[in-house]
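Visitor: Input structure: query11.tsv, which contains TSV, C-alpha atoms.
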chain	number	residue	atom	x	y	z
A	1	MET	CA	-12.95	-120.09	137.74
A	2	TYR	CA	-11.52	-123.60	137.81
A	3	LEU	CA	-12.87	-126.87	136.39
A	4	ALA	CA	-12.08	-130.02	138.36
A	5	LYS	CA	-12.42	-133.36	136.56
A	6	ILE	CA	-12.59	-136.13	139.16
A	7	TYR	CA	-12.21	-139.84	138.29
A	8	VAL	CA	-13.40	-142.32	140.92
A	9	THR	CA	-12.55	-146.02	140.64
A	10	TYR	CA	-12.47	-149.01	142.96
A	11	LYS	CA	-9.24	-149.64	144.83
A	12	LYS	CA	-7.06	-152.35	143.21
A	13	SER	CA	-7.91	-154.80	146.01
A	14	ILE	CA	-11.67	-154.51	145.40
A	15	LEU	CA	-13.42	-156.76	142.81
A	16	ASP	CA	-15.12	-154.75	140.03
A	17	PRO	CA	-18.10	-156.92	138.96
A	18	GLN	CA	-19.47	-154.22	136.67
A	19	GLY	CA	-16.13	-154.13	134.84
A	20	GLU	CA	-16.28	-157.89	134.32
A	21	VAL	CA	-19.82	-157.66	132.95
A	22	VAL	CA	-18.87	-154.90	130.49
A	23	LYS	CA	-15.81	-156.88	129.38
A	24	SER	CA	-17.81	-160.03	128.62
A	25	ALA	CA	-20.45	-157.96	126.82
A	26	LEU	CA	-17.74	-156.36	124.66
A	27	HIS	CA	-16.32	-159.80	123.88
A	28	ARG	CA	-19.79	-161.02	122.85
A	29	LEU	CA	-19.97	-157.99	120.51
A	30	SER	CA	-16.70	-159.34	119.00
A	31	TYR	CA	-14.41	-156.70	120.53
A	32	THR	CA	-12.09	-159.51	121.53
A	33	ASN	CA	-8.90	-157.49	122.06
A	34	VAL	CA	-10.43	-155.83	125.14
A	35	GLU	CA	-8.10	-157.01	127.92
A	36	ALA	CA	-9.53	-155.32	131.01
A	37	VAL	CA	-12.36	-152.95	131.94
A	38	THR	CA	-12.60	-150.71	134.98
A	39	CYS	CA	-15.89	-148.88	135.65
A	40	GLY	CA	-16.18	-145.79	137.81
A	41	LYS	CA	-17.74	-142.42	138.46
A	42	TYR	CA	-16.84	-139.14	136.79
A	43	PHE	CA	-17.49	-135.61	138.07
A	44	GLU	CA	-16.95	-132.23	136.46
A	45	ILE	CA	-17.13	-129.51	139.11
A	46	LYS	CA	-16.78	-125.75	138.47
A	47	LEU	CA	-15.23	-123.78	141.32
A	48	ASP	CA	-15.58	-120.03	141.59
A	49	THR	CA	-12.03	-119.27	142.77
A	50	THR	CA	-8.86	-117.80	141.28
A	51	ASP	CA	-6.47	-119.65	143.61
A	52	LYS	CA	-5.38	-122.98	142.10
A	53	ALA	CA	-3.81	-124.32	145.31
A	54	ALA	CA	-6.96	-123.58	147.30
A	55	ALA	CA	-9.06	-125.21	144.59
A	56	ALA	CA	-6.89	-128.35	144.72
A	57	LYS	CA	-7.14	-128.54	148.50
A	58	GLU	CA	-10.91	-128.12	148.29
A	59	VAL	CA	-11.30	-130.84	145.63
A	60	GLU	CA	-9.32	-133.28	147.78
A	61	ALA	CA	-11.38	-132.42	150.87
A	62	PHE	CA	-14.87	-132.74	149.37
A	63	SER	CA	-13.93	-135.79	147.30
A	64	ASP	CA	-12.95	-137.64	150.47
A	65	GLU	CA	-15.90	-136.23	152.36
A	66	LEU	CA	-18.72	-136.76	149.83
A	67	LEU	CA	-17.82	-138.09	146.39
A	68	ILE	CA	-16.08	-141.39	147.22
A	69	ASN	CA	-16.49	-144.30	149.60
A	70	ILE	CA	-13.06	-144.10	151.20
A	71	ASN	CA	-13.13	-147.79	152.19
A	72	MET	CA	-13.55	-149.07	148.62
A	73	GLU	CA	-12.78	-146.23	146.20
A	74	SER	CA	-9.92	-143.92	145.29
A	75	PHE	CA	-9.86	-140.85	143.05
A	76	THR	CA	-7.60	-138.83	140.82
A	77	TYR	CA	-8.37	-135.41	139.41
A	78	ASP	CA	-7.33	-132.79	136.88
A	79	LEU	CA	-7.70	-129.07	137.51
A	80	SER	CA	-7.84	-126.57	134.66
A	81	GLU	CA	-8.54	-122.87	134.56
A	82	LEU	CA	-11.69	-121.80	132.74
A	83	ALA	CA	-11.78	-118.63	130.69
A	84	GLU	CA	-14.23	-116.18	132.35
A	85	ALA	CA	-17.60	-116.16	130.51
A	86	VAL	CA	-17.87	-112.75	128.76
A	87	ASP	CA	-21.32	-111.18	129.49
B	1	MET	CA	-1.32	-152.22	124.44
B	2	TYR	CA	-3.45	-149.09	124.68
B	3	LEU	CA	-5.42	-147.64	127.60
B	4	ALA	CA	-8.65	-145.83	126.72
B	5	LYS	CA	-10.12	-143.49	129.34
B	6	ILE	CA	-13.75	-142.80	128.46
B	7	TYR	CA	-15.81	-140.02	130.08
B	8	VAL	CA	-19.59	-140.26	129.70
B	9	THR	CA	-21.86	-137.33	130.62
B	10	TYR	CA	-25.40	-136.23	129.86
B	11	LYS	CA	-25.91	-134.11	126.77
B	12	LYS	CA	-26.20	-130.38	127.53
B	13	SER	CA	-29.96	-130.44	126.80
B	14	ILE	CA	-30.61	-133.15	129.41
B	15	LEU	CA	-31.27	-132.23	133.06
B	16	ASP	CA	-28.70	-133.75	135.47
B	17	PRO	CA	-30.64	-134.26	138.74
B	18	GLN	CA	-27.74	-136.12	140.36
B	19	GLY	CA	-25.46	-133.16	139.67
B	20	GLU	CA	-27.96	-130.83	141.37
B	21	VAL	CA	-28.14	-133.11	144.43
B	22	VAL	CA	-24.32	-133.27	144.73
B	23	LYS	CA	-24.09	-129.49	144.35
B	24	SER	CA	-26.59	-128.79	147.15
B	25	ALA	CA	-24.87	-131.38	149.36
B	26	LEU	CA	-21.51	-129.65	148.79
B	27	HIS	CA	-23.09	-126.29	149.65
B	28	ARG	CA	-24.50	-127.76	152.88
B	29	LEU	CA	-20.95	-128.95	153.70
B	30	SER	CA	-19.94	-125.26	153.27
B	31	TYR	CA	-18.18	-125.66	149.90
B	32	THR	CA	-20.09	-122.61	148.72
B	33	ASN	CA	-17.87	-121.69	145.76
B	34	VAL	CA	-19.01	-124.79	143.88
B	35	GLU	CA	-20.76	-123.30	140.85
B	36	ALA	CA	-21.87	-126.38	138.88
B	37	VAL	CA	-21.62	-130.17	139.12
B	38	THR	CA	-21.88	-132.70	136.31
B	39	CYS	CA	-22.04	-136.41	137.20
B	40	GLY	CA	-21.17	-139.16	134.77
B	41	LYS	CA	-19.61	-142.55	134.13
B	42	TYR	CA	-15.92	-143.32	133.74
B	43	PHE	CA	-14.35	-146.32	132.02
B	44	GLU	CA	-10.73	-147.44	131.76
B	45	ILE	CA	-10.38	-150.07	129.04
B	46	LYS	CA	-7.15	-151.86	128.05
B	47	LEU	CA	-6.91	-152.84	124.39
B	48	ASP	CA	-4.44	-155.44	123.18
B	49	THR	CA	-3.43	-153.69	119.94
B	50	THR	CA	-0.42	-151.78	118.64
B	51	ASP	CA	-2.38	-149.69	116.12
B	52	LYS	CA	-3.55	-146.41	117.66
B	53	ALA	CA	-5.92	-145.50	114.83
B	54	ALA	CA	-7.61	-148.90	115.00
B	55	ALA	CA	-7.87	-148.57	118.78
B	56	ALA	CA	-9.52	-145.15	118.43
B	57	LYS	CA	-12.02	-146.45	115.88
B	58	GLU	CA	-12.83	-149.39	118.15
B	59	VAL	CA	-13.35	-147.17	121.22
B	60	GLU	CA	-15.78	-144.98	119.28
B	61	ALA	CA	-17.66	-148.00	117.97
B	62	PHE	CA	-18.15	-149.84	121.27
B	63	SER	CA	-18.83	-146.65	123.21
B	64	ASP	CA	-21.76	-145.89	120.93
B	65	GLU	CA	-22.84	-149.50	120.84
B	66	LEU	CA	-22.63	-150.39	124.55
B	67	LEU	CA	-21.23	-147.81	126.97
B	68	ILE	CA	-23.57	-144.86	126.41
B	69	ASN	CA	-27.27	-144.16	125.88
B	70	ILE	CA	-26.94	-142.33	122.56
B	71	ASN	CA	-30.24	-140.47	123.11
B	72	MET	CA	-29.18	-138.86	126.39
B	73	GLU	CA	-25.42	-139.19	126.76
B	74	SER	CA	-22.24	-138.20	124.96
B	75	PHE	CA	-18.64	-139.26	125.54
B	76	THR	CA	-15.07	-138.10	125.14
B	77	TYR	CA	-11.98	-140.24	125.49
B	78	ASP	CA	-8.21	-140.22	125.87
B	79	LEU	CA	-6.00	-142.93	124.39
B	80	SER	CA	-2.51	-143.59	125.75
B	81	GLU	CA	0.01	-146.28	125.02
B	82	LEU	CA	0.83	-148.64	127.90
B	83	ALA	CA	4.36	-149.90	128.40
B	84	GLU	CA	4.34	-153.68	127.84
B	85	ALA	CA	4.33	-155.56	131.19
B	86	VAL	CA	7.79	-157.19	131.53
B	87	ASP	CA	7.40	-160.87	132.55
Can the structure from this file be put into structure tokens for me?

Guide:
Amino acid sequence: MYLAKIYVTYKKSILDPQGEVVKSALHRLSYTNVEAVTCGKYFEIKLDTTDKAAAAKEVEAFSDELLININMESFTYDLSELAEAVD
Amino acid sequence: MYLAKIYVTYKKSILDPQGEVVKSALHRLSYTNVEAVTCGKYFEIKLDTTDKAAAAKEVEAFSDELLININMESFTYDLSELAEAVD
């Protein structure tokens, strides 16, 4: 069993209005050393497989296919093995 | 300069309807070994400070105060030092 953690953010060229809003809100709450904020989506997906390479290929395929808008967003991911749940 | 990566997800006790929708969509796209999906929010925040402990305290404070709904969500974070941008 593998756990994929997928981080989706806007591409550098795309304006992130939500990030700007969060930054100004943090400044109003006196967190003035906040320099930049990027907002995005986060997925944790459990995959029932023992093959790490296959899991990585699958994560890349379904992230492009379903989880991101390939015109505006990009993703990175981490893959870690999960200890089998003992019944 | 520090970079905080903040991962916000629903608490275990809270139903994650979006996760269920993504899971069934992945199954329809024939990714049948997807066992579970958790959807959440992701933030990358740059902090202009050289003190890691102060940065950690600040991240915890503004995450509770602004970034999450403390009744339904919880967060984890990673803090890494950023090389100073050379002008």

Visitor: Counting all atoms listed in the file, figure out which residue out of A:Lys41, A:Lys5, A:Lys11, A:His27 gets nearest to chain B.

Guide: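 Nearest to chain B: A:Lys41.
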
Visitor: Between chain A and chain B, at 8 Å or less, what are the per-residue closest atom pairs and their distances in Å? Count all atoms listed in the file, order by chain and rising residue number, and return it as CSV.

Guide:
residue,atom,partner,partner_atom,distance
A:Tyr7,CA,B:Tyr42,CA,6.8
A:Val8,CA,B:Tyr42,CA,7.7
A:Leu26,CA,B:Phe62,CA,7.4
A:Tyr31,CA,B:Phe62,CA,7.8
A:Asn33,CA,B:Asp48,CA,5.0
A:Val34,CA,B:Leu47,CA,4.7
A:Glu35,CA,B:Lys46,CA,5.2
A:Ala36,CA,B:Lys46,CA,5.1
A:Val37,CA,B:Ile45,CA,4.5
A:Thr38,CA,B:Glu44,CA,5.0
A:Cys39,CA,B:Phe43,CA,4.7
A:Gly40,CA,B:Tyr42,CA,4.8
A:Lys41,CA,B:Lys41,CA,4.7
A:Tyr42,CA,B:Gly40,CA,4.8
A:Phe43,CA,B:Cys39,CA,4.7
A:Glu44,CA,B:Thr38,CA,5.0
A:Ile45,CA,B:Val37,CA,4.5
A:Lys46,CA,B:Ala36,CA,5.1
A:Leu47,CA,B:Val34,CA,4.7
A:Asp48,CA,B:Asn33,CA,5.0
A:Thr49,CA,B:Asn33,CA,7.0
A:Glu58,CA,B:Tyr31,CA,7.8
A:Phe62,CA,B:Leu26,CA,7.3
A:Leu66,CA,B:Leu26,CA,7.7

Visitor: What is the CA of Asp16 (chain B) to CA of Asp78 (chain B) distance in Å?

Guide: 23.5 Å

Visitor: May I ask for the distance between CA of Ser80 (chain A) and CA of Ser74 (chain B), given in Å to one decimal place?

Guide: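 Here the two named atoms are 20.9 Å from each other.
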
Visitor: What does the distance from CA of Ala56 (chain B) to CA of Met72 (chain B) come to in Å, to one decimal?

Guide: 22.1 Å
